[in-house]
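Engineer: Structure supplied as run_31.cif; contents: mmCIF, C-alpha atoms.
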```
data_structure
#
loop_
_atom_site.label_atom_id
_atom_site.label_comp_id
_atom_site.auth_asym_id
_atom_site.auth_seq_id
_atom_site.Cartn_x
_atom_site.Cartn_y
_atom_site.Cartn_z
CA THR A 1 23.19 10.12 -14.99
CA GLN A 2 21.16 8.72 -12.14
CA GLY A 3 23.20 8.30 -8.96
CA ARG A 4 23.28 5.45 -6.52
CA LEU A 5 21.06 7.38 -4.11
CA VAL A 6 17.66 8.57 -5.35
CA SER A 7 15.35 10.34 -2.91
CA TRP A 8 11.88 11.78 -3.11
CA TRP A 9 10.01 13.64 -0.42
CA LYS A 10 6.68 15.22 0.31
CA LYS A 11 5.58 17.61 3.02
CA ASP A 12 2.29 16.79 4.76
CA ALA A 13 -0.12 19.55 3.77
CA THR A 14 -3.31 17.77 4.82
CA PHE A 15 -3.23 16.47 8.38
CA GLY A 16 -0.70 18.75 10.03
CA GLN A 17 0.74 16.06 12.32
CA PRO A 18 4.24 16.90 13.69
CA LYS A 19 5.66 13.57 12.55
CA ALA A 20 8.31 12.55 10.05
CA TYR A 21 8.86 9.21 8.34
CA ALA A 22 11.57 7.69 6.17
CA HIS A 23 11.70 4.50 4.14
CA CYS A 24 14.99 3.44 2.59
CA ARG A 25 15.33 0.50 0.23
CA VAL A 26 18.88 -0.75 -0.17
CA ALA A 27 18.87 -2.62 -3.48
CA SER A 28 21.45 -4.96 -4.92
CA GLU A 29 21.52 -7.66 -7.59
CA ALA A 30 23.01 -10.07 -5.04
CA LEU A 31 19.87 -9.85 -2.87
CA GLY A 32 17.62 -11.41 -5.51
CA ARG A 33 19.81 -14.41 -6.20
CA GLY A 34 20.56 -17.76 -4.64
CA GLY A 35 17.12 -19.34 -4.45
CA ALA A 36 16.24 -20.82 -1.06
CA ARG A 37 19.77 -20.30 0.28
CA GLY A 38 19.80 -16.63 -0.74
CA ARG A 39 16.35 -16.16 0.78
CA ALA A 40 17.53 -17.77 4.01
CA CYS A 41 20.60 -15.54 4.23
CA ALA A 42 18.49 -12.42 3.64
CA LEU A 43 15.98 -13.42 6.32
CA LEU A 44 18.70 -14.17 8.84
CA TRP A 45 20.51 -10.90 8.07
CA VAL A 46 17.52 -8.64 8.66
CA ASN A 47 16.25 -10.59 11.66
CA LEU A 48 19.68 -10.51 13.25
CA ALA A 49 19.70 -6.73 12.74
CA LEU A 50 16.35 -6.46 14.53
CA GLU A 51 17.66 -8.65 17.36
CA ASN A 52 20.72 -6.45 17.78
CA LEU A 53 18.69 -3.22 17.68
CA GLU A 54 16.11 -4.24 20.29
CA LYS A 55 18.04 -3.25 23.44
CA PRO A 56 19.90 -0.17 22.12
CA LEU A 57 16.69 1.34 20.72
CA TYR A 58 14.37 0.39 23.57
CA ASP A 59 14.38 3.94 24.98
CA ALA A 60 13.67 5.34 21.51
CA THR A 61 10.56 3.17 21.12
CA CYS A 62 9.40 4.15 24.63
CA ALA A 63 9.71 7.78 23.53
CA GLY A 64 7.32 7.18 20.63
CA LEU A 65 9.80 6.55 17.81
CA SER A 66 9.38 3.47 15.64
CA TYR A 67 11.56 1.46 13.29
CA ASP A 68 11.55 -1.76 11.28
CA VAL A 69 13.82 -3.74 8.99
CA SER A 70 12.51 -6.27 6.47
CA ASP A 71 13.87 -8.08 3.46
CA ALA A 72 12.47 -7.48 -0.01
CA PHE A 73 14.18 -10.54 -1.48
CA PHE A 74 11.92 -10.77 -4.52
CA GLU A 75 12.57 -7.12 -5.31
CA SER A 76 16.31 -7.51 -4.62
CA GLY A 77 16.45 -5.29 -1.58
CA VAL A 78 16.31 -4.65 2.15
CA ASP A 79 13.77 -2.14 3.52
CA LEU A 80 14.43 0.16 6.49
CA TYR A 81 11.67 2.21 8.13
CA VAL A 82 11.81 4.89 10.84
CA GLY A 83 9.22 7.34 12.12
CA GLY A 84 8.22 9.58 14.99
CA LEU A 85 7.99 13.20 16.05
CA ALA A 86 9.74 15.41 13.51
CA GLY A 87 13.21 16.55 14.47
CA GLY A 88 16.77 15.35 14.74
CA ALA A 89 15.85 12.28 16.79
CA VAL A 90 14.24 10.62 13.77
CA TRP A 91 17.40 10.96 11.70
CA ARG A 92 19.57 9.71 14.58
CA LEU A 93 17.26 6.69 14.70
CA LEU A 94 17.68 6.24 10.94
CA ASP A 95 21.45 6.38 11.41
CA ALA A 96 21.32 3.64 14.07
CA VAL A 97 19.22 1.37 11.87
CA CYS A 98 21.37 1.99 8.78
CA GLU A 99 24.53 1.31 10.79
CA GLU A 100 23.24 -2.08 11.91
CA ILE A 101 22.52 -3.08 8.31
CA ALA A 102 25.72 -1.62 6.84
CA ALA A 103 28.03 -2.85 9.64
CA PRO A 104 26.14 -5.56 11.53
CA THR A 105 27.07 -6.89 14.92
CA TRP A 106 27.83 -10.51 14.05
CA ASP A 107 27.10 -12.08 17.44
CA ALA A 108 27.07 -15.89 17.39
CA ALA A 109 24.66 -16.29 20.32
CA ALA A 110 22.18 -13.82 18.83
CA PHE A 111 22.47 -15.58 15.47
CA GLU A 112 21.50 -18.93 17.03
CA ARG A 113 18.48 -17.37 18.77
CA VAL A 114 17.32 -15.76 15.54
CA ARG A 115 17.81 -18.96 13.56
CA ASP A 116 15.82 -21.05 16.05
CA ARG A 117 12.89 -18.63 15.95
CA LEU A 118 12.96 -18.48 12.17
CA VAL A 119 13.00 -22.26 11.79
CA ARG A 120 10.00 -22.56 14.13
CA ALA A 121 8.12 -19.86 12.20
CA LEU A 122 8.74 -21.62 8.89
CA ARG A 123 7.74 -24.96 10.39
CA ASN A 124 4.45 -23.41 11.49
CA VAL A 125 3.80 -22.40 7.90
CA ASP A 126 4.02 -26.04 6.82
CA LYS A 127 1.56 -26.97 9.56
CA ALA A 128 -0.78 -24.20 8.33
CA ARG A 129 -1.53 -22.94 11.80
CA ALA A 130 -4.13 -20.20 11.72
CA ASP A 131 -2.12 -17.68 13.73
CA SER A 132 -1.18 -14.30 12.31
CA HIS A 133 2.57 -14.97 12.38
CA SER A 134 2.47 -18.12 10.25
CA SER A 135 -0.19 -16.58 8.00
CA ARG A 136 2.21 -13.74 7.24
CA TRP A 137 4.95 -16.19 6.38
CA ARG A 138 2.57 -18.12 4.14
CA ARG A 139 1.71 -14.96 2.19
CA GLU A 140 5.36 -14.04 1.84
CA LEU A 141 6.84 -17.42 0.98
CA CYS A 142 4.22 -19.61 -0.68
CA ASP A 143 3.39 -17.63 -3.80
CA GLU A 144 4.04 -19.24 -7.15
CA GLY A 145 7.64 -18.99 -8.32
CA ARG A 146 9.11 -18.49 -4.86
CA PRO A 147 11.41 -20.96 -3.11
CA PRO A 148 9.38 -23.65 -1.32
CA VAL A 149 8.97 -23.03 2.40
CA GLY A 150 10.56 -26.37 3.26
CA ASP A 151 13.65 -25.55 1.19
CA VAL A 152 13.99 -22.14 2.85
CA ARG A 153 13.59 -23.70 6.31
CA ASP A 154 16.26 -26.31 5.55
CA ALA A 155 18.58 -23.59 4.24
CA VAL A 156 18.05 -21.48 7.37
CA GLY A 157 19.13 -24.46 9.45
CA ALA A 158 22.16 -25.16 7.28
CA VAL A 159 23.78 -21.76 6.66
CA THR A 160 26.37 -20.43 9.09
CA LEU A 161 27.03 -16.99 10.48
CA ASP A 162 29.95 -16.65 8.05
CA ASP A 163 27.61 -17.49 5.15
CA VAL A 164 25.24 -14.69 6.14
CA ARG A 165 28.16 -12.30 6.65
CA SER A 166 29.46 -13.05 3.14
CA HIS A 167 25.98 -12.65 1.65
CA ALA A 168 25.56 -9.25 3.30
CA SER A 169 29.02 -8.14 2.15
CA ARG A 170 28.25 -9.04 -1.48
CA ALA A 171 24.88 -7.29 -1.29
CA LEU A 172 26.34 -4.05 0.07
CA GLU A 173 29.09 -3.92 -2.53
CA GLY A 174 27.80 -1.68 -5.28
CA CYS A 175 24.33 -1.35 -3.74
CA ARG A 176 21.91 1.47 -4.56
CA ALA A 177 19.38 3.20 -2.33
CA LEU A 178 15.91 4.63 -2.83
CA LEU A 179 14.89 7.00 -0.02
CA HIS A 180 11.34 8.22 0.71
CA VAL A 181 10.90 11.03 3.26
CA HIS A 182 7.47 12.43 4.13
CA GLY A 183 5.47 14.11 6.88
CA ALA A 184 6.33 17.35 8.68
CA VAL A 185 9.59 17.71 6.73
CA ASP A 186 11.42 20.26 4.63
CA GLU A 187 14.55 20.17 2.49
CA SER A 188 16.83 20.30 5.54
CA ASP A 189 15.24 17.09 6.84
CA VAL A 190 15.67 15.43 3.45
CA ALA A 191 19.32 16.50 3.40
CA ALA A 192 19.82 15.02 6.89
CA ALA A 193 18.30 11.70 5.83
CA GLU A 194 20.36 11.65 2.63
CA ALA A 195 23.54 12.35 4.60
CA VAL A 196 22.83 9.36 6.86
CA VAL A 197 22.27 6.95 3.98
CA GLU A 198 25.27 8.28 2.05
CA ALA A 199 27.59 8.02 5.06
CA ARG A 200 26.52 4.50 6.01
CA PHE A 201 26.32 2.84 2.60
CA PHE A 202 28.52 4.78 0.17
CA VAL A 203 31.37 6.42 2.09
CA ASP A 204 33.73 3.47 1.56
CA ASP A 205 33.05 3.08 -2.16
CA VAL A 206 36.52 2.15 -3.47
CA ARG A 207 35.47 2.54 -7.10
CA GLY A 208 35.65 6.32 -6.87
CA SER A 209 33.07 9.05 -6.92
CA TRP A 210 29.54 8.21 -7.98
CA PRO A 211 27.14 10.50 -9.86
CA ALA A 212 25.25 13.16 -7.96
CA ARG A 213 22.16 11.91 -6.22
CA ARG A 214 18.72 12.76 -7.56
CA ARG A 215 16.07 14.36 -5.34
CA ILE A 216 12.39 14.52 -6.31
CA ALA A 217 9.90 16.81 -4.57
CA ALA A 218 6.43 15.25 -4.67
CA PRO A 219 3.69 17.49 -6.09
CA ALA A 220 1.02 19.24 -4.07
CA VAL A 221 -2.17 17.51 -2.97
CA ASN A 222 -4.48 16.29 -5.77
CA GLU A 223 -1.75 16.55 -8.38
CA PRO A 224 -0.57 13.32 -10.04
CA LEU A 225 2.71 11.86 -8.82
CA ARG A 226 4.91 9.80 -11.07
CA VAL A 227 7.92 7.91 -9.78
CA ALA A 228 10.29 5.91 -11.98
CA ARG A 229 11.91 3.11 -9.96
CA PHE A 230 15.21 1.60 -11.01
CA SER A 231 15.62 -2.14 -11.21
CA PRO A 232 18.65 -3.69 -9.50
CA ASN A 233 18.53 -6.39 -12.19
CA ALA A 234 18.31 -3.90 -15.03
CA LYS A 235 20.91 -5.69 -17.14
CA ASN A 236 18.75 -8.80 -17.23
CA ASP A 237 15.31 -7.18 -17.34
CA LYS A 238 13.59 -7.09 -20.73
CA ASP A 239 10.20 -5.96 -19.49
CA SER A 240 8.86 -2.53 -18.70
CA ALA A 241 5.96 -2.06 -16.34
CA VAL A 242 3.54 0.55 -15.09
CA LEU A 243 1.39 0.65 -11.96
CA LYS A 244 -1.27 3.37 -11.89
CA CYS A 245 -2.94 4.14 -8.55
CA TYR A 246 -6.13 6.16 -8.15
CA ASP A 247 -7.37 7.38 -4.77
CA LEU A 248 -11.00 6.27 -4.42
CA GLY A 249 -11.70 7.67 -0.97
CA PRO A 250 -11.48 6.84 2.74
CA LYS A 251 -10.96 3.21 3.66
CA LYS A 252 -13.55 3.23 6.45
CA ASP A 253 -16.39 4.42 4.22
CA VAL A 254 -18.67 1.44 3.44
CA ARG A 255 -20.11 3.09 0.33
CA THR A 256 -16.61 3.64 -1.07
CA HIS A 257 -15.75 -0.01 -0.42
CA ALA A 258 -18.90 -1.17 -2.21
CA THR A 259 -18.26 1.16 -5.15
CA ALA A 260 -14.65 0.00 -5.47
CA SER A 261 -15.68 -3.66 -5.37
CA LEU A 262 -18.36 -3.14 -8.03
CA LEU A 263 -16.03 -1.09 -10.22
CA VAL A 264 -13.33 -3.76 -10.22
CA HIS A 265 -15.91 -6.51 -10.74
CA VAL A 266 -17.35 -4.98 -13.91
CA ALA A 267 -14.17 -3.37 -15.32
CA LYS A 268 -11.40 -5.92 -14.84
CA GLU A 269 -12.58 -8.28 -17.61
CA PRO A 270 -12.86 -5.61 -20.36
CA PHE A 271 -9.58 -4.08 -19.12
CA PHE A 272 -7.83 -7.45 -19.52
CA THR A 273 -9.54 -8.16 -22.85
CA GLN A 274 -8.55 -4.81 -24.35
CA LEU A 275 -4.92 -4.60 -23.22
CA ARG A 276 -3.96 -8.27 -22.99
CA THR A 277 -6.02 -9.98 -25.69
CA ARG A 278 -6.56 -7.28 -28.32
CA GLU A 279 -3.49 -5.07 -27.93
CA GLN A 280 -1.22 -7.96 -26.85
CA LEU A 281 0.77 -5.79 -24.46
CA GLY A 282 2.01 -8.64 -22.29
CA TYR A 283 1.15 -11.46 -19.96
CA LEU A 284 0.58 -9.34 -16.84
CA VAL A 285 -2.51 -7.11 -17.06
CA SER A 286 -4.60 -6.70 -13.93
CA MET A 287 -7.04 -4.45 -12.10
CA SER A 288 -7.69 -4.58 -8.35
CA TYR A 289 -8.22 -2.37 -5.35
CA SER A 290 -6.38 -2.18 -2.06
CA SER A 291 -5.83 0.13 0.90
CA ALA A 292 -2.90 2.19 2.16
CA ARG A 293 -2.70 4.72 4.98
CA GLY A 294 -6.45 4.84 5.44
CA ARG A 295 -7.31 5.29 1.74
CA LEU A 296 -8.77 2.92 -0.86
CA LEU A 297 -6.75 2.69 -4.07
CA LEU A 298 -7.66 1.44 -7.53
CA LEU A 299 -4.60 -0.36 -8.92
CA LEU A 300 -4.00 -1.00 -12.63
CA ARG A 301 -0.90 -2.96 -13.65
CA VAL A 302 0.64 -3.70 -17.02
CA GLN A 303 3.95 -5.44 -17.70
CA SER A 304 5.15 -5.68 -21.27
CA GLN A 305 8.12 -6.53 -23.49
CA ARG A 306 6.48 -4.84 -26.48
CA VAL A 307 6.08 -1.24 -25.32
CA CYS A 308 7.81 1.12 -22.92
CA SER A 309 6.25 2.21 -19.63
CA ASP A 310 5.15 5.57 -21.09
CA ASP A 311 3.25 3.83 -23.88
CA ALA A 312 1.72 1.33 -21.43
CA ALA A 313 0.56 4.16 -19.17
CA ALA A 314 -0.98 5.98 -22.14
CA ARG A 315 -2.92 2.85 -23.16
CA VAL A 316 -4.24 2.41 -19.62
CA GLU A 317 -5.48 6.01 -19.66
CA ALA A 318 -6.99 5.53 -23.12
CA PHE A 319 -8.95 2.53 -21.84
CA LEU A 320 -10.29 4.49 -18.86
CA ASP A 321 -11.31 7.38 -21.14
CA ALA A 322 -13.13 5.11 -23.57
CA TRP A 323 -14.64 2.45 -21.31
CA ARG A 324 -18.23 2.72 -20.15
CA PRO A 325 -19.85 0.18 -17.80
CA ASP A 326 -22.48 -2.15 -19.22
CA PHE A 327 -25.17 -2.92 -16.65
CA ASP A 328 -27.64 -4.55 -19.04
CA GLY A 329 -29.26 -7.46 -17.30
CA VAL A 330 -27.93 -6.48 -13.88
CA GLU A 331 -30.53 -6.15 -11.15
CA PHE A 332 -29.89 -3.77 -8.27
CA ALA A 333 -31.60 -4.14 -4.90
CA ALA A 334 -33.87 -1.32 -3.90
#
```
Since I need it in another form, could you write the structure as structure tokens?

Structural biologist:
Amino acid sequence: TQGRLVSWWKKDATFGQPKAYAHCRVASEALGRGGARGRACALLWVNLALENLEKPLYDATCAGLSYDVSDAFFESGVDLYVGGLAGGAVWRLLDAVCEEIAAPTWDAAAFERVRDRLVRALRNVDKARADSHSSRWRRELCDEGRPPVGDVRDAVGAVTLDDVRSHASRALEGCRALLHVHGAVDESDVAAAEAVVEARFFVDDVRGSWPARRRIAAPAVNEPLRVARFSPNAKNDKDSAVLKCYDLGPKKDVRTHATASLLVHVAKEPFFTQLRTREQLGYLVSMSYSSARGRLLLLLRVQSQRVCSDDAAARVEAFLDAWRPDFDGVEFAA
């Protein structure tokens, strides 16, 4: 049985930097509900946590440690990040961040400051100002199917501190956690990070003992990594999905960028035609490329109600094995 805490870790065997990083997603069905009001409560919760952490962790950031808290409302979770030189200080930082999420400091004055800033940020989105802050909010809030920005802004102005407190309490009750640890780490570091998350989020579980946690060691360099991610809304989900990522090369290499762009341009239509139109796997079939941590990645996504994720992954691989580019009629510059 999969426990409420699932962790996977990987030791840096390429760059040799003495740094360690942890990302913890605290997931709960309550965090993906409530429409604009639920979104507003989640935003206020995480931004209040950041407000409360700023002064206590100022010395830690001056010493080169880093942290962040963000809401993943549309994936029913809250994300916590910490990083810095490997050692006990990173896990003490993780403990401080987890504590502020698990047992927030509900300060009324800080809440009003956070709410005012959030309302202004959301108002700037409506005005479509071309600054990076409002652009980020536009990307996060204006996609199809998400609560309208105006509704979220109105909800932020209407909810009270007690509303946010109740929302956080419901979210933490019966929550689950997915922990990623990587960098200059070993199993003792993973155990330290797991102990922090367990102590902060699961120690007061009144429903009794929960199944043993699951720990996954990531494979060595150049070996494929497969991670199955639980869904906090599993009881309501009818779809299965697969996302396959292929490392194309360094992000800063112009030739790699050009190759990736051309590959996606010529392959995405036959990929969609084969899996979506002919095989009728599901509505969501896409191919794109993106970047992460200095690398360019080819991303292939399939979401389906007809087949399981294993079958979907096998069909993606079958397409890649069989497909050959057709450059008939294409002229290349000398």

Engineer: Write out as an NGL selection string the residues lying within 8 Å of stretch 69-84 of chain A, counting only C-alpha atoms and excluding same-chain residues fewer than 4 positions away.

Structural biologist: :A and (19-33 or 39 or 42-43 or 46-47 or 49-50 or 64-65 or 90 or 93-94 or 97-98 or 232-233)

Engineer: Which neighbours of stretch 271-288 of chain A fall inside 9 Å, counting all atoms listed in the file, when residues of the same chain fewer than 2 positions from it are skipped, and could you give them as a list in words?

Structural biologist: Ala260, Ser261, Val264, His265, Ala267, Lys268, Glu269, Ser290, Leu297, Leu298, Leu299, Leu300, Arg301, Val302, Gln303, Ser304, Gln305, Arg306, Val307, Ala312, Arg315, Val316, Phe319, Leu320 and Trp323 of chain A

Engineer: Nearest to A:Ala193 among A:Gly294, A:Ala60, A:Ser169, A:Ala177, with distances taken over all atoms listed in the file: which residue is it?

Structural biologist: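 Smallest distance to A:Ala193 is found for A:Ala177.
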
Engineer: Quick one: residues within 7 Å of stretch 99-111 of chain A, only C-alpha atoms, excluding same-chain residues fewer than 4 positions away - as a list of chain:residue names?

Structural biologist: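 Those residues are A:Leu48, A:Ala49, A:Asn52, A:Asp95, A:Arg115, A:Leu161, A:Arg200, A:Phe201.
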
Engineer: Could you state the separation of atom CA of A:Arg4 and atom CA of A:Arg37 in Å, given to one decimal place?

Structural biologist: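 If I compute the distance from atom CA of A:Arg4 to atom CA of A:Arg37, I get 26.9 Å.
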
Engineer: Could stretch 61-81 of chain A be completed with N, CA and C atoms and returned as a JSON list (two decimals), keeping the file's coordinate frame?

Structural biologist:
```
[["chain", "number", "residue", "atom", "x", "y", "z"],
["A", 61, "THR", "N", 11.93, 3.62, 21.33],
["A", 61, "THR", "CA", 10.56, 3.17, 21.12],
["A", 61, "THR", "C", 9.65, 3.61, 22.26],
["A", 62, "CYS", "N", 10.19, 3.64, 23.50],
["A", 62, "CYS", "CA", 9.40, 4.15, 24.63],
["A", 62, "CYS", "C", 9.06, 5.63, 24.45],
["A", 63, "ALA", "N", 9.93, 6.36, 23.76],
["A", 63, "ALA", "CA", 9.71, 7.78, 23.53],
["A", 63, "ALA", "C", 8.78, 8.06, 22.35],
["A", 64, "GLY", "N", 8.28, 7.00, 21.71],
["A", 64, "GLY", "CA", 7.32, 7.18, 20.63],
["A", 64, "GLY", "C", 7.90, 7.06, 19.24],
["A", 65, "LEU", "N", 9.20, 6.78, 19.12],
["A", 65, "LEU", "CA", 9.80, 6.55, 17.81],
["A", 65, "LEU", "C", 9.58, 5.09, 17.40],
["A", 66, "SER", "N", 9.60, 4.83, 16.13],
["A", 66, "SER", "CA", 9.38, 3.47, 15.64],
["A", 66, "SER", "C", 10.36, 3.16, 14.53],
["A", 67, "TYR", "N", 10.65, 1.88, 14.35],
["A", 67, "TYR", "CA", 11.56, 1.46, 13.29],
["A", 67, "TYR", "C", 11.23, 0.03, 12.90],
["A", 68, "ASP", "N", 11.71, -0.37, 11.73],
["A", 68, "ASP", "CA", 11.55, -1.76, 11.28],
["A", 68, "ASP", "C", 12.58, -2.03, 10.20],
["A", 69, "VAL", "N", 12.93, -3.29, 10.06],
["A", 69, "VAL", "CA", 13.82, -3.74, 8.99],
["A", 69, "VAL", "C", 13.19, -5.00, 8.40],
["A", 70, "SER", "N", 13.07, -5.08, 7.10],
["A", 70, "SER", "CA", 12.51, -6.27, 6.47],
["A", 70, "SER", "C", 13.22, -6.52, 5.15],
["A", 71, "ASP", "N", 13.22, -7.78, 4.73],
["A", 71, "ASP", "CA", 13.87, -8.08, 3.46],
["A", 71, "ASP", "C", 12.84, -8.00, 2.33],
["A", 72, "ALA", "N", 13.29, -7.51, 1.21],
["A", 72, "ALA", "CA", 12.47, -7.48, -0.01],
["A", 72, "ALA", "C", 13.19, -8.34, -1.04],
["A", 73, "PHE", "N", 13.36, -9.63, -0.70],
["A", 73, "PHE", "CA", 14.18, -10.54, -1.48],
["A", 73, "PHE", "C", 13.74, -10.60, -2.93],
["A", 74, "PHE", "N", 12.41, -10.60, -3.15],
["A", 74, "PHE", "CA", 11.92, -10.77, -4.52],
["A", 74, "PHE", "C", 11.91, -9.46, -5.28],
["A", 75, "GLU", "N", 12.32, -8.38, -4.62],
["A", 75, "GLU", "CA", 12.57, -7.12, -5.31],
["A", 75, "GLU", "C", 14.03, -6.72, -5.12],
["A", 76, "SER", "N", 14.86, -7.69, -4.73],
["A", 76, "SER", "CA", 16.31, -7.51, -4.62],
["A", 76, "SER", "C", 16.68, -6.36, -3.70],
["A", 77, "GLY", "N", 16.14, -6.38, -2.49],
["A", 77, "GLY", "CA", 16.45, -5.29, -1.58],
["A", 77, "GLY", "C", 16.20, -5.61, -0.13],
["A", 78, "VAL", "N", 16.59, -4.66, 0.72],
["A", 78, "VAL", "CA", 16.31, -4.65, 2.15],
["A", 78, "VAL", "C", 15.64, -3.31, 2.47],
["A", 79, "ASP", "N", 14.53, -3.35, 3.21],
["A", 79, "ASP", "CA", 13.77, -2.14, 3.52],
["A", 79, "ASP", "C", 14.01, -1.73, 4.97],
["A", 80, "LEU", "N", 14.25, -0.42, 5.18],
["A", 80, "LEU", "CA", 14.43, 0.16, 6.49],
["A", 80, "LEU", "C", 13.37, 1.24, 6.68],
["A", 81, "TYR", "N", 12.70, 1.24, 7.83],
["A", 81, "TYR", "CA", 11.67, 2.21, 8.13],
["A", 81, "TYR", "C", 11.96, 2.87, 9.48]]
```
